[in-house]
file work_30.cif (mmCIF, C-alpha atoms)
data_data
#
loop_
_atom_site.label_atom_id
_atom_site.label_comp_id
_atom_site.auth_asym_id
_atom_site.auth_seq_id
_atom_site.Cartn_x
_atom_site.Cartn_y
_atom_site.Cartn_z
CA MET L 1 96.89 73.79 149.68
CA THR L 2 93.41 74.49 148.30
CA TRP L 3 92.24 77.59 146.54
CA SER L 4 88.87 79.26 146.67
CA PRO L 5 86.65 79.58 143.58
CA LEU L 6 87.29 83.34 143.66
CA GLU L 7 91.06 82.84 143.55
CA ARG L 8 90.72 80.40 140.67
CA TRP L 9 88.51 82.84 138.78
CA ARG L 10 91.05 85.65 139.30
CA ALA L 11 93.89 83.42 138.12
CA ASP L 12 91.95 82.44 134.98
CA ARG L 13 91.19 86.09 134.26
CA GLU L 14 94.87 86.98 134.77
CA TYR L 15 95.93 84.22 132.37
CA SER L 16 93.62 85.63 129.68
CA ARG L 17 94.99 89.11 130.34
CA ALA L 18 98.58 87.86 130.12
CA SER L 19 97.86 86.17 126.79
CA ARG L 20 96.36 89.39 125.39
CA LEU L 21 99.40 91.38 126.51
CA ALA L 22 101.72 88.90 124.80
CA ARG L 23 99.71 89.10 121.56
CA ALA L 24 99.76 92.92 121.79
CA GLY L 25 103.56 92.94 121.82
CA LYS L 26 103.97 93.78 125.52
CA PRO L 27 106.06 90.86 126.75
CA GLY L 28 107.33 92.54 129.92
CA GLU L 29 103.80 93.16 131.16
CA ALA L 30 102.76 89.67 130.06
CA VAL L 31 105.53 88.12 132.19
CA LYS L 32 104.27 89.95 135.28
CA ALA L 33 100.71 88.79 134.60
CA PHE L 34 101.83 85.17 134.19
CA ASP L 35 103.75 85.52 137.46
CA ARG L 36 100.48 86.39 139.18
CA VAL L 37 98.86 83.27 137.71
CA LEU L 38 101.72 81.10 138.91
CA ALA L 39 101.51 82.59 142.40
CA VAL L 40 98.11 80.88 142.62
CA PHE L 41 98.87 77.81 140.47
CA PRO L 42 102.63 77.16 140.65
CA ASN L 43 102.28 73.89 138.73
CA HIS L 44 100.37 75.40 135.79
CA ALA L 45 102.50 73.97 132.96
CA ARG L 46 100.83 75.97 130.21
CA ALA L 47 101.34 79.23 132.09
CA HIS L 48 105.03 78.39 132.53
CA GLY L 49 105.29 77.72 128.79
CA GLN L 50 103.57 80.94 127.75
CA ARG L 51 105.65 82.84 130.30
CA ALA L 52 108.75 81.36 128.64
CA LEU L 53 107.68 82.77 125.26
CA ALA L 54 107.03 86.18 126.82
CA LEU L 55 110.46 86.13 128.50
CA ALA L 56 112.10 85.30 125.18
CA ALA L 57 110.23 88.13 123.47
CA ALA L 58 111.50 90.46 126.20
CA GLY L 59 115.07 89.38 125.46
CA ARG L 60 115.52 87.30 128.62
CA VAL L 61 116.60 84.14 126.81
CA GLY L 62 118.22 82.39 129.80
CA ASP L 63 115.12 82.88 131.96
CA ALA L 64 112.96 81.77 129.03
CA VAL L 65 114.88 78.50 128.65
CA ARG L 66 114.55 77.77 132.38
CA ALA L 67 110.80 78.51 132.31
CA ALA L 68 110.29 76.25 129.28
CA LYS L 69 112.22 73.42 130.93
CA GLN L 70 110.10 73.84 134.04
CA ALA L 71 106.96 73.56 131.92
CA ALA L 72 108.35 70.38 130.31
CA ASN L 73 109.07 68.87 133.73
CA LEU L 74 105.52 69.61 134.86
CA ALA L 75 104.00 68.03 131.75
CA PRO L 76 106.37 65.20 130.81
CA GLY L 77 103.87 63.58 128.48
CA SER L 78 103.19 66.70 126.38
CA HIS L 79 105.15 67.81 123.32
CA ALA L 80 104.04 71.46 123.68
CA PRO L 81 106.61 72.68 126.26
CA LEU L 82 109.42 71.05 124.29
CA LEU L 83 108.20 72.77 121.14
CA ILE L 84 108.37 76.10 122.99
CA LEU L 85 111.86 75.26 124.28
CA GLY L 86 112.99 74.46 120.75
CA GLN L 87 111.57 77.71 119.39
CA ILE L 88 113.41 79.74 122.04
CA HIS L 89 116.71 78.00 121.28
CA TYR L 90 116.16 78.38 117.53
CA ASP L 91 115.49 82.11 117.73
CA ALA L 92 118.63 82.49 119.85
CA GLY L 93 120.66 80.78 117.12
CA ARG L 94 121.23 77.64 119.21
CA PHE L 95 120.27 75.24 116.46
CA GLU L 96 121.69 72.04 117.96
CA GLU L 97 119.82 72.68 121.22
CA ALA L 98 116.70 73.43 119.19
CA ARG L 99 117.10 70.15 117.31
CA LYS L 100 117.35 68.23 120.57
CA ALA L 101 114.18 69.82 121.93
CA PHE L 102 112.23 69.25 118.70
CA SER L 103 113.46 65.64 118.52
CA ALA L 104 112.26 65.03 122.07
CA ALA L 105 108.87 66.53 121.15
CA ALA L 106 108.73 64.31 118.07
CA ARG L 107 109.37 61.21 120.19
CA LEU L 108 106.38 62.12 122.36
CA ASP L 109 104.09 62.81 119.40
CA PRO L 110 105.58 61.29 116.22
CA GLU L 111 102.45 61.95 114.14
CA ASN L 112 102.41 65.68 114.87
CA ARG L 113 103.20 67.50 111.62
CA LEU L 114 104.02 70.77 113.34
CA VAL L 115 106.64 69.12 115.55
CA GLN L 116 108.15 67.30 112.58
CA ALA L 117 108.31 70.51 110.58
CA TYR L 118 110.09 72.38 113.36
CA LEU L 119 112.58 69.51 113.52
CA GLY L 120 113.09 69.96 109.79
CA LEU L 121 113.66 73.68 110.27
CA ALA L 122 116.39 73.03 112.87
CA LEU L 123 118.06 70.46 110.62
CA MET L 124 118.12 72.91 107.73
CA ALA L 125 119.55 75.65 109.95
CA MET L 126 122.36 73.23 110.88
CA GLY L 127 123.14 72.70 107.20
CA ARG L 128 121.42 69.31 106.97
CA ALA L 129 119.17 70.52 104.17
CA LYS L 130 118.31 67.16 102.60
CA GLU L 131 117.07 65.79 105.94
CA GLY L 132 115.08 68.89 106.82
CA ALA L 133 113.55 69.89 103.49
CA GLY L 134 111.09 67.02 103.24
CA LEU L 135 109.73 67.61 106.72
CA LEU L 136 109.20 71.28 105.99
CA LYS L 137 107.56 70.66 102.62
CA ASP L 138 105.04 68.31 104.20
CA HIS L 139 104.12 70.81 106.86
CA LEU L 140 103.80 73.92 104.72
CA LEU L 141 100.61 72.53 103.25
CA TYR L 142 99.19 73.60 106.63
CA ALA L 143 100.12 77.25 107.10
CA ASN L 144 101.59 78.14 110.49
CA THR L 145 102.80 81.72 110.71
CA GLY L 146 105.27 81.14 113.54
CA LEU L 147 107.04 78.39 111.64
CA GLU L 148 106.85 80.25 108.34
CA GLY L 149 108.38 83.35 109.91
CA ARG L 150 111.34 81.33 111.17
CA LEU L 151 111.67 79.62 107.81
CA LEU L 152 111.71 82.97 106.05
CA THR L 153 114.56 84.08 108.30
CA LEU L 154 116.52 80.95 107.42
CA ALA L 155 115.71 81.15 103.70
CA GLU L 156 116.47 84.84 103.36
CA GLN L 157 119.75 84.48 105.24
CA TYR L 158 120.78 81.73 102.81
CA LEU L 159 119.52 83.53 99.70
CA TRP L 160 121.21 86.76 100.76
CA ALA L 161 124.53 84.92 100.78
CA HIS L 162 123.75 83.51 97.31
CA ARG L 163 121.91 86.47 95.82
CA GLU L 164 123.66 86.18 92.44
CA GLN L 165 121.94 82.82 91.96
CA ALA L 166 118.66 83.72 93.68
CA LYS L 167 115.67 85.37 92.07
CA SER L 168 113.95 88.34 93.66
CA LEU L 169 110.60 88.02 95.40
CA GLU L 170 108.93 90.17 92.73
CA GLU L 171 109.98 87.69 90.04
CA GLN L 172 108.37 84.84 91.95
CA LEU L 173 105.04 86.46 92.78
CA ALA L 174 102.24 87.08 90.34
CA PRO L 175 100.83 90.65 90.26
CA GLU L 176 97.73 89.57 92.17
CA GLU L 177 100.03 88.23 94.91
CA GLY L 178 101.88 91.52 95.30
CA GLY L 179 104.48 91.20 92.53
CA ARG L 180 105.14 93.98 90.08
CA ASP L 181 103.13 93.96 86.88
CA LEU L 182 105.65 94.24 84.05
CA ARG L 183 103.36 92.94 81.33
CA PRO L 184 102.77 95.09 78.23
CA ALA L 185 99.47 96.91 77.99
CA GLY L 186 96.66 94.77 76.60
CA PHE L 187 94.10 95.60 73.93
CA GLY L 188 91.64 97.14 76.37
CA LEU L 189 94.22 99.57 77.73
CA ARG L 190 95.35 100.47 74.20
CA LEU L 191 91.75 101.18 73.18
CA ALA L 192 91.26 103.36 76.27
CA SER L 193 94.50 105.14 75.41
CA ALA L 194 93.30 105.94 71.92
CA MET L 195 90.02 107.34 73.24
CA ARG L 196 91.89 109.45 75.79
CA LYS L 197 94.09 110.94 73.07
CA LEU L 198 91.21 111.64 70.71
CA VAL L 199 88.68 113.01 73.20
CA LEU L 200 90.21 113.98 76.53
CA LEU L 201 93.50 115.56 75.49
CA PRO L 202 91.86 118.31 73.36
CA LEU L 203 89.51 119.10 76.25
CA ALA L 204 92.36 119.16 78.74
CA ALA L 205 94.29 121.55 76.52
CA LEU L 206 91.45 124.06 76.91
CA ARG L 207 92.10 124.08 80.69
CA GLY L 208 95.76 124.95 80.26
CA ARG L 209 99.19 123.40 79.85
CA ARG L 210 99.35 121.87 83.33
CA ALA L 211 96.06 120.02 82.87
CA ARG L 212 97.21 118.69 79.50
CA LEU L 213 100.55 117.53 80.92
CA ALA L 214 98.81 115.84 83.86
CA LEU L 215 96.66 113.88 81.42
CA LEU L 216 99.74 112.95 79.39
CA VAL L 217 101.26 111.53 82.56
CA GLU L 218 98.12 109.50 83.22
CA GLU L 219 98.11 108.34 79.61
CA ALA L 220 101.73 107.16 79.68
CA LEU L 221 101.27 105.32 82.98
CA SER L 222 98.09 103.63 81.78
CA VAL L 223 99.94 101.85 78.95
CA HIS L 224 103.17 101.28 80.92
CA ASP L 225 105.14 103.81 78.88
CA LEU L 226 107.45 104.58 81.78
CA GLU L 227 110.01 106.66 79.91
CA GLY L 228 107.18 108.71 78.42
CA ALA L 229 105.75 109.17 81.92
CA ILE L 230 109.10 110.51 83.18
CA GLY L 231 109.24 113.06 80.35
CA ALA L 232 105.66 114.18 80.96
CA LEU L 233 106.21 114.45 84.73
CA ARG L 234 109.33 116.56 84.29
CA ALA L 235 107.47 118.82 81.89
CA ALA L 236 104.57 119.07 84.34
CA GLY L 237 106.98 120.03 87.12
CA GLY L 238 108.47 122.74 84.91
CA ALA L 239 104.98 124.04 84.23
CA GLY L 240 104.26 124.50 87.95
CA ALA L 241 102.48 121.24 88.82
CA ASP L 242 102.30 120.22 92.48
CA PRO L 243 105.93 119.31 93.34
CA GLU L 244 104.88 116.59 95.82
CA TRP L 245 102.75 114.89 93.17
CA VAL L 246 105.61 115.09 90.67
CA ALA L 247 108.18 113.71 93.12
CA LEU L 248 105.95 110.84 94.27
CA SER L 249 104.96 109.93 90.73
CA LEU L 250 108.56 110.00 89.52
CA ALA L 251 109.62 107.86 92.47
CA GLY L 252 106.97 105.27 91.63
CA VAL L 253 108.07 105.17 88.00
CA TYR L 254 111.74 104.84 88.93
CA MET L 255 110.92 101.92 91.22
CA GLN L 256 109.16 100.16 88.34
CA LEU L 257 112.26 100.78 86.21
CA ARG L 258 114.39 99.29 89.00
CA LYS L 259 116.20 102.56 89.64
CA PRO L 260 115.76 102.79 93.42
CA GLN L 261 118.50 105.38 93.95
CA SER L 262 116.70 107.80 91.61
CA ALA L 263 113.45 107.06 93.44
CA ALA L 264 115.09 107.74 96.80
CA GLU L 265 116.42 111.07 95.52
CA GLN L 266 112.93 112.13 94.47
CA LEU L 267 111.44 111.10 97.82
CA ALA L 268 114.16 112.96 99.73
CA SER L 269 112.78 116.20 98.27
CA LEU L 270 109.42 115.71 100.01
CA PRO L 271 108.74 117.65 103.22
CA GLY L 272 108.95 115.71 106.50
CA GLU L 273 105.19 115.57 107.08
CA ALA L 274 104.64 114.01 103.64
CA ARG L 275 107.21 111.28 104.34
CA GLU L 276 105.36 110.38 107.56
CA ASP L 277 102.28 109.34 105.57
CA PRO L 278 102.18 105.51 105.69
CA GLY L 279 101.59 105.23 101.95
CA VAL L 280 104.66 107.33 101.26
CA ALA L 281 106.60 105.48 103.98
CA VAL L 282 106.17 102.21 102.05
CA LEU L 283 107.73 103.75 98.96
CA VAL L 284 110.50 105.45 100.94
CA GLY L 285 111.36 102.24 102.78
CA GLU L 286 111.45 100.08 99.68
CA ALA L 287 113.51 102.66 97.74
CA LEU L 288 116.04 102.93 100.55
CA PHE L 289 116.17 99.15 100.93
CA GLU L 290 116.71 98.56 97.22
CA SER L 291 119.42 101.25 97.30
CA GLY L 292 121.29 99.32 99.98
CA ARG L 293 120.52 101.88 102.71
CA TYR L 294 119.18 99.28 105.14
CA GLU L 295 119.55 101.19 108.38
CA GLU L 296 117.64 104.17 106.97
CA ALA L 297 114.93 101.91 105.55
CA ARG L 298 114.05 100.41 108.95
CA GLU L 299 111.95 103.26 110.36
CA PRO L 300 109.69 104.01 107.35
CA LEU L 301 109.05 100.31 106.82
CA ALA L 302 108.14 99.88 110.49
CA VAL L 303 105.72 102.82 110.20
CA ALA L 304 104.10 101.31 107.12
CA ALA L 305 103.86 97.85 108.71
CA GLU L 306 102.10 99.33 111.75
CA ARG L 307 99.57 101.31 109.72
CA PHE L 308 98.90 98.90 106.84
CA THR L 309 97.81 95.84 108.78
CA ARG L 310 96.74 93.86 105.69
CA GLU L 311 99.87 94.42 103.56
CA PHE L 312 102.58 91.78 103.60
CA ALA L 313 105.28 93.85 101.84
CA PRO L 314 106.27 96.38 104.58
CA PRO L 315 107.05 93.78 107.28
CA TYR L 316 108.66 91.55 104.65
CA TYR L 317 111.09 94.27 103.59
CA ARG L 318 111.62 95.23 107.24
CA GLY L 319 112.69 91.65 107.92
CA LEU L 320 115.03 91.79 104.94
CA CYS L 321 116.67 94.88 106.46
CA GLU L 322 117.58 92.80 109.51
CA ILE L 323 118.97 90.04 107.28
CA ALA L 324 121.07 92.56 105.35
CA LEU L 325 122.37 94.08 108.59
CA GLY L 326 123.50 90.67 109.83
CA GLN L 327 120.73 90.16 112.40
CA PRO L 328 118.67 87.24 111.03
CA GLN L 329 116.97 86.35 114.32
CA ALA L 330 115.57 89.89 114.59
CA ALA L 331 113.86 89.28 111.25
CA THR L 332 111.59 86.53 112.57
CA PRO L 333 108.81 88.72 114.10
CA TRP L 334 108.67 90.84 110.94
CA PHE L 335 108.41 87.77 108.73
CA ILE L 336 105.69 86.37 111.00
CA GLN L 337 103.72 89.59 110.41
CA SER L 338 104.23 89.17 106.67
CA CYS L 339 102.98 85.56 106.74
CA GLU L 340 99.90 86.63 108.73
CA ARG L 341 98.83 89.11 106.06
CA LEU L 342 97.52 88.99 102.53
CA HIS L 343 99.80 86.39 100.99
CA PRO L 344 100.16 83.31 103.22
CA HIS L 345 102.60 81.33 101.06
CA ILE L 346 105.67 83.58 100.92
CA ALA L 347 107.67 81.22 103.11
CA GLU L 348 106.85 78.22 100.92
CA LYS L 349 108.04 80.11 97.84
CA ARG L 350 111.26 81.09 99.60
CA LEU L 351 111.87 77.48 100.64
CA GLN L 352 111.45 76.37 97.03
CA GLU L 353 113.89 79.06 95.92
CA MET L 354 116.36 78.15 98.67
CA LEU L 355 116.31 74.51 97.58
CA ARG L 356 116.72 75.50 93.93
CA VAL L 357 119.73 77.68 94.71
CA SER L 358 121.29 75.01 96.93
CA GLY L 359 120.83 72.44 94.15
CA LEU L 360 118.51 70.12 96.08
#
call {"tool": "encode", "arguments": {"input": "work_30.cif", "output": "structure tokens"}}
result
Amino acid sequence: MTWSPLERWRADREYSRASRLARAGKPGEAVKAFDRVLAVFPNHARAHGQRALALAAAGRVGDAVRAAKQAANLAPGSHAPLLILGQIHYDAGRFEEARKAFSAAARLDPENRLVQAYLGLALMAMGRAKEGAGLLKDHLLYANTGLEGRLLTLAEQYLWAHREQAKSLEEQLAPEEGGRDLRPAGFGLRLASAMRKLVLLPLAALRGRRARLALLVEEALSVHDLEGAIGALRAAGGAGADPEWVALSLAGVYMQLRKPQSAAEQLASLPGEAREDPGVAVLVGEALFESGRYEEAREPLAVAAERFTREFAPPYYRGLCEIALGQPQAATPWFIQSCERLHPHIAEKRLQEMLRVSGL
């Protein structure tokens, strides 16, 4: 059967539309669009493969596996459909089936680093860490967010089970990478502090007690005097300072002191509309997560991840919620978001930590 140029053009346009829908997180609509492409080109191997990924994202794992196998049959010389098949099996927790698919892809293209790394991922998930670690290490020099997201799921699942031996993410990351800055104040900050005390505090006192207390809070925070900041904030609250400002500031200080339950208590006092602010949602989500309230932390972290599209922390913590709730495969899309954002090497750091904890 032959197809007219117009039909081909429509099918190409539909393929582009289907791909956009998949990227936009609308897998059900993407599947229907790929179906329209395949109605014109039933032997379009790439469309079958992308349809398989969309089916998997929509939760139709059995249909996704069949679609991926069909793509592999249509392109027997290509590793790409087998890579997709392996990814679908891996995300469904079928690690042996994933290993078989990745091994078949590696036989077709033995020099492909991405294929080798996915094979390493499957081996590690099966407990064959020594065999898989080298393959993954080689690949992670070339960032691939899909692979890194799956690796984060594997690493966090392992580290969660060995959290007494594992370090926290904040202890691994430098402040410029998103870690917490626990260093003492340097000379420049101390000099600024002295000037603030000598010049600004007397002027603030002329404007009243609340203004002076607000400056004392700023002063304590500037030199990392967290206990002093708590005292000044409580005094400011007693003097009639804005209660939302006091609660948010106290919550931030408590998080730095690693007292998440106290932070969560402060944030619980905020009105509902304030907690819906994405900046506040980040703090709420992390405080609830660190307090072990994983189910409650899900929603605010999802809100923050949606609004702050350049921040890696909200989707990272959202993925950790799924790990803590015993649903590691659900963590993958959140970890992929995290890898796509400001800090592209989180997965590599977690792999290093996983290998350290496992003694490899």
call {"tool": "atom_distance", "arguments": {"input": "work_30.cif", "atom1": "CA of Glu322 (chain L)", "atom2": "CA of Leu355 (chain L)"}}
result
21.9 Å
call {"tool": "resolve_selection", "arguments": {"input": "work_30.cif", "expression": "the PyMOL selection byres ((chain L and resi 269) around 12)", "output": "NGL selection string"}}
result
:L and (243-248 or 250-251 or 262-268 or 270-275 or 284)
call {"tool": "write_last_selection", "arguments": {"input": "work_30.cif", "atoms": "C-alpha atoms", "output": "short mmCIF file (atom, residue, chain, number, x, y, z; two decimals), in the frame of the given file"}}
result
data_model
loop_
_atom_site.label_atom_id
_atom_site.label_comp_id
_atom_site.auth_asym_id
_atom_site.auth_seq_id
_atom_site.Cartn_x
_atom_site.Cartn_y
_atom_site.Cartn_z
CA PRO L 243 105.93 119.31 93.34
CA GLU L 244 104.88 116.59 95.82
CA TRP L 245 102.75 114.89 93.17
CA VAL L 246 105.61 115.09 90.67
CA ALA L 247 108.18 113.71 93.12
CA LEU L 248 105.95 110.84 94.27
CA LEU L 250 108.56 110.00 89.52
CA ALA L 251 109.62 107.86 92.47
CA SER L 262 116.70 107.80 91.61
CA ALA L 263 113.45 107.06 93.44
CA ALA L 264 115.09 107.74 96.80
CA GLU L 265 116.42 111.07 95.52
CA GLN L 266 112.93 112.13 94.47
CA LEU L 267 111.44 111.10 97.82
CA ALA L 268 114.16 112.96 99.73
CA LEU L 270 109.42 115.71 100.01
CA PRO L 271 108.74 117.65 103.22
CA GLY L 272 108.95 115.71 106.50
CA GLU L 273 105.19 115.57 107.08
CA ALA L 274 104.64 114.01 103.64
CA ARG L 275 107.21 111.28 104.34
CA VAL L 284 110.50 105.45 100.94
#
call {"tool": "resolve_selection", "arguments": {"input": "work_30.cif", "expression": "the PyMOL selection byres ((chain L and resi 122-129) around 8)", "output": "number ranges by chain"}}
result
L: 90, 95-96, 98-99, 118-121, 130-133, 154
call {"tool": "resolve_selection", "arguments": {"input": "work_30.cif", "expression": "the PyMOL selection byres ((chain L and resi 160-164) around 12)", "output": "JSON, numbers by chain"}}
result
{"L": [152, 153, 154, 155, 156, 157, 158, 159, 165, 166, 167, 168, 169, 320, 321, 322, 323, 324, 325, 326, 328, 350, 353, 354, 355, 356, 357, 358, 359]}
call {"tool": "atom_distance", "arguments": {"input": "work_30.cif", "atom1": "CA of Gly93 (chain L)", "atom2": "CA of Ala75 (chain L)"}}
result
25.6 Å
call {"tool": "residues_around", "arguments": {"input": "work_30.cif", "residues": "Pro333 (chain L)", "least_positions_apart": "5", "cutoff": "10 Å", "atoms": "all atoms listed in the file", "output": "list of chain:residue names"}}
result
L:Ala57, L:Thr145, L:Gly146, L:Gly149, L:Arg150, L:Thr153, L:Pro315, L:Tyr316, L:Arg318, L:Gly319, L:Ser338, L:Cys339
call {"tool": "atom_distance", "arguments": {"input": "work_30.cif", "atom1": "CA of Asp91 (chain L)", "atom2": "CA of Ala104 (chain L)"}}
result
17.9 Å
call {"tool": "residues_around", "arguments": {"input": "work_30.cif", "residues": "Leu140 (chain L)", "least_positions_apart": "3", "cutoff": "10 Å", "atoms": "all atoms listed in the file", "output": "list in words"}}
result
Arg113, Leu114, Ala117, Leu135, Leu136, Lys137, Ala143, Asn144, Thr145, Leu147, Glu148, His345, Ala347, Glu348 and Leu351 of chain L
call {"tool": "residues_around", "arguments": {"input": "work_30.cif", "residues": "region 27-42 of chain L", "least_positions_apart": "3", "cutoff": "7 Å", "atoms": "only C-alpha atoms", "output": "JSON, numbers by chain"}}
result
{"L": [11, 14, 15, 18, 19, 21, 22, 47, 51, 54, 55, 57, 58]}
call {"tool": "closest_residue", "arguments": {"input": "work_30.cif", "among": "L:Arg94, L:Pro314, L:Asp242, L:Leu257", "to": "Gly285 (chain L)", "atoms": "only C-alpha atoms"}}
result
L:Pro314
call {"tool": "decode", "arguments": {"input": "work_30.cif", "residues": "region 101-171 of chain L", "atoms": "C-alpha atoms", "output": "compact mmCIF listing (two decimals), in the first residue's frame"}}
result
# COMPACT_ATOMS: atom_id res chain seq x y z
CA ALA L 101 17.14 -6.84 27.27
CA PHE L 102 20.19 -4.68 28.04
CA SER L 103 22.53 -7.60 27.32
CA ALA L 104 20.87 -8.13 23.95
CA ALA L 105 21.27 -4.41 23.20
CA ALA L 106 24.93 -4.60 24.22
CA ARG L 107 25.52 -7.50 21.82
CA LEU L 108 24.16 -5.38 18.97
CA ASP L 109 26.22 -2.32 19.90
CA PRO L 110 29.05 -3.32 22.27
CA GLU L 111 30.75 0.08 22.08
CA ASN L 112 27.66 2.00 23.20
CA ARG L 113 28.38 3.44 26.65
CA LEU L 114 24.73 4.12 27.41
CA VAL L 115 23.76 0.49 26.77
CA GLN L 116 26.66 -0.77 28.88
CA ALA L 117 25.71 1.55 31.72
CA TYR L 118 22.10 0.38 31.72
CA LEU L 119 23.39 -3.18 31.85
CA GLY L 120 25.46 -2.17 34.87
CA LEU L 121 22.38 -0.65 36.50
CA ALA L 122 20.43 -3.90 36.09
CA LEU L 123 23.32 -5.94 37.48
CA MET L 124 23.54 -3.70 40.54
CA ALA L 125 19.78 -3.93 41.09
CA MET L 126 20.15 -7.74 41.08
CA GLY L 127 22.80 -7.49 43.79
CA ARG L 128 25.75 -8.02 41.45
CA ALA L 129 27.33 -4.75 42.52
CA LYS L 130 30.95 -5.51 41.59
CA GLU L 131 29.98 -6.37 38.01
CA GLY L 132 27.71 -3.37 37.58
CA ALA L 133 29.62 -0.60 39.35
CA GLY L 134 32.40 -0.27 36.80
CA LEU L 135 29.98 0.02 33.90
CA LEU L 136 28.04 2.73 35.68
CA LYS L 137 31.13 4.68 36.70
CA ASP L 138 32.33 4.78 33.11
CA HIS L 139 29.02 6.08 31.85
CA LEU L 140 28.36 8.74 34.46
CA LEU L 141 31.11 10.85 32.94
CA TYR L 142 28.44 11.50 30.29
CA ALA L 143 25.34 12.70 32.12
CA ASN L 144 22.08 11.03 31.09
CA THR L 145 19.14 12.06 33.23
CA GLY L 146 17.03 8.97 32.55
CA LEU L 147 19.80 6.65 33.68
CA GLU L 148 20.76 8.87 36.61
CA GLY L 149 17.16 8.97 37.81
CA ARG L 150 17.00 5.17 37.85
CA LEU L 151 20.37 5.00 39.56
CA LEU L 152 19.20 7.41 42.24
CA THR L 153 16.21 5.16 42.90
CA LEU L 154 18.51 2.17 43.30
CA ALA L 155 21.07 4.05 45.41
CA GLU L 156 18.53 5.67 47.70
CA GLN L 157 16.71 2.37 48.23
CA TYR L 158 20.01 0.79 49.28
CA LEU L 159 21.14 3.72 51.41
CA TRP L 160 17.76 3.93 53.11
CA ALA L 161 18.22 0.36 54.28
CA HIS L 162 21.72 1.23 55.54
CA ARG L 163 21.10 4.77 56.73
CA GLU L 164 23.15 4.32 59.93
CA GLN L 165 26.24 3.87 57.76
CA ALA L 166 25.27 6.36 55.04
CA LYS L 167 25.92 10.08 55.06
CA SER L 168 23.20 12.58 54.26
CA LEU L 169 23.08 14.42 50.95
CA GLU L 170 23.78 17.74 52.68
CA GLU L 171 27.05 16.36 54.05
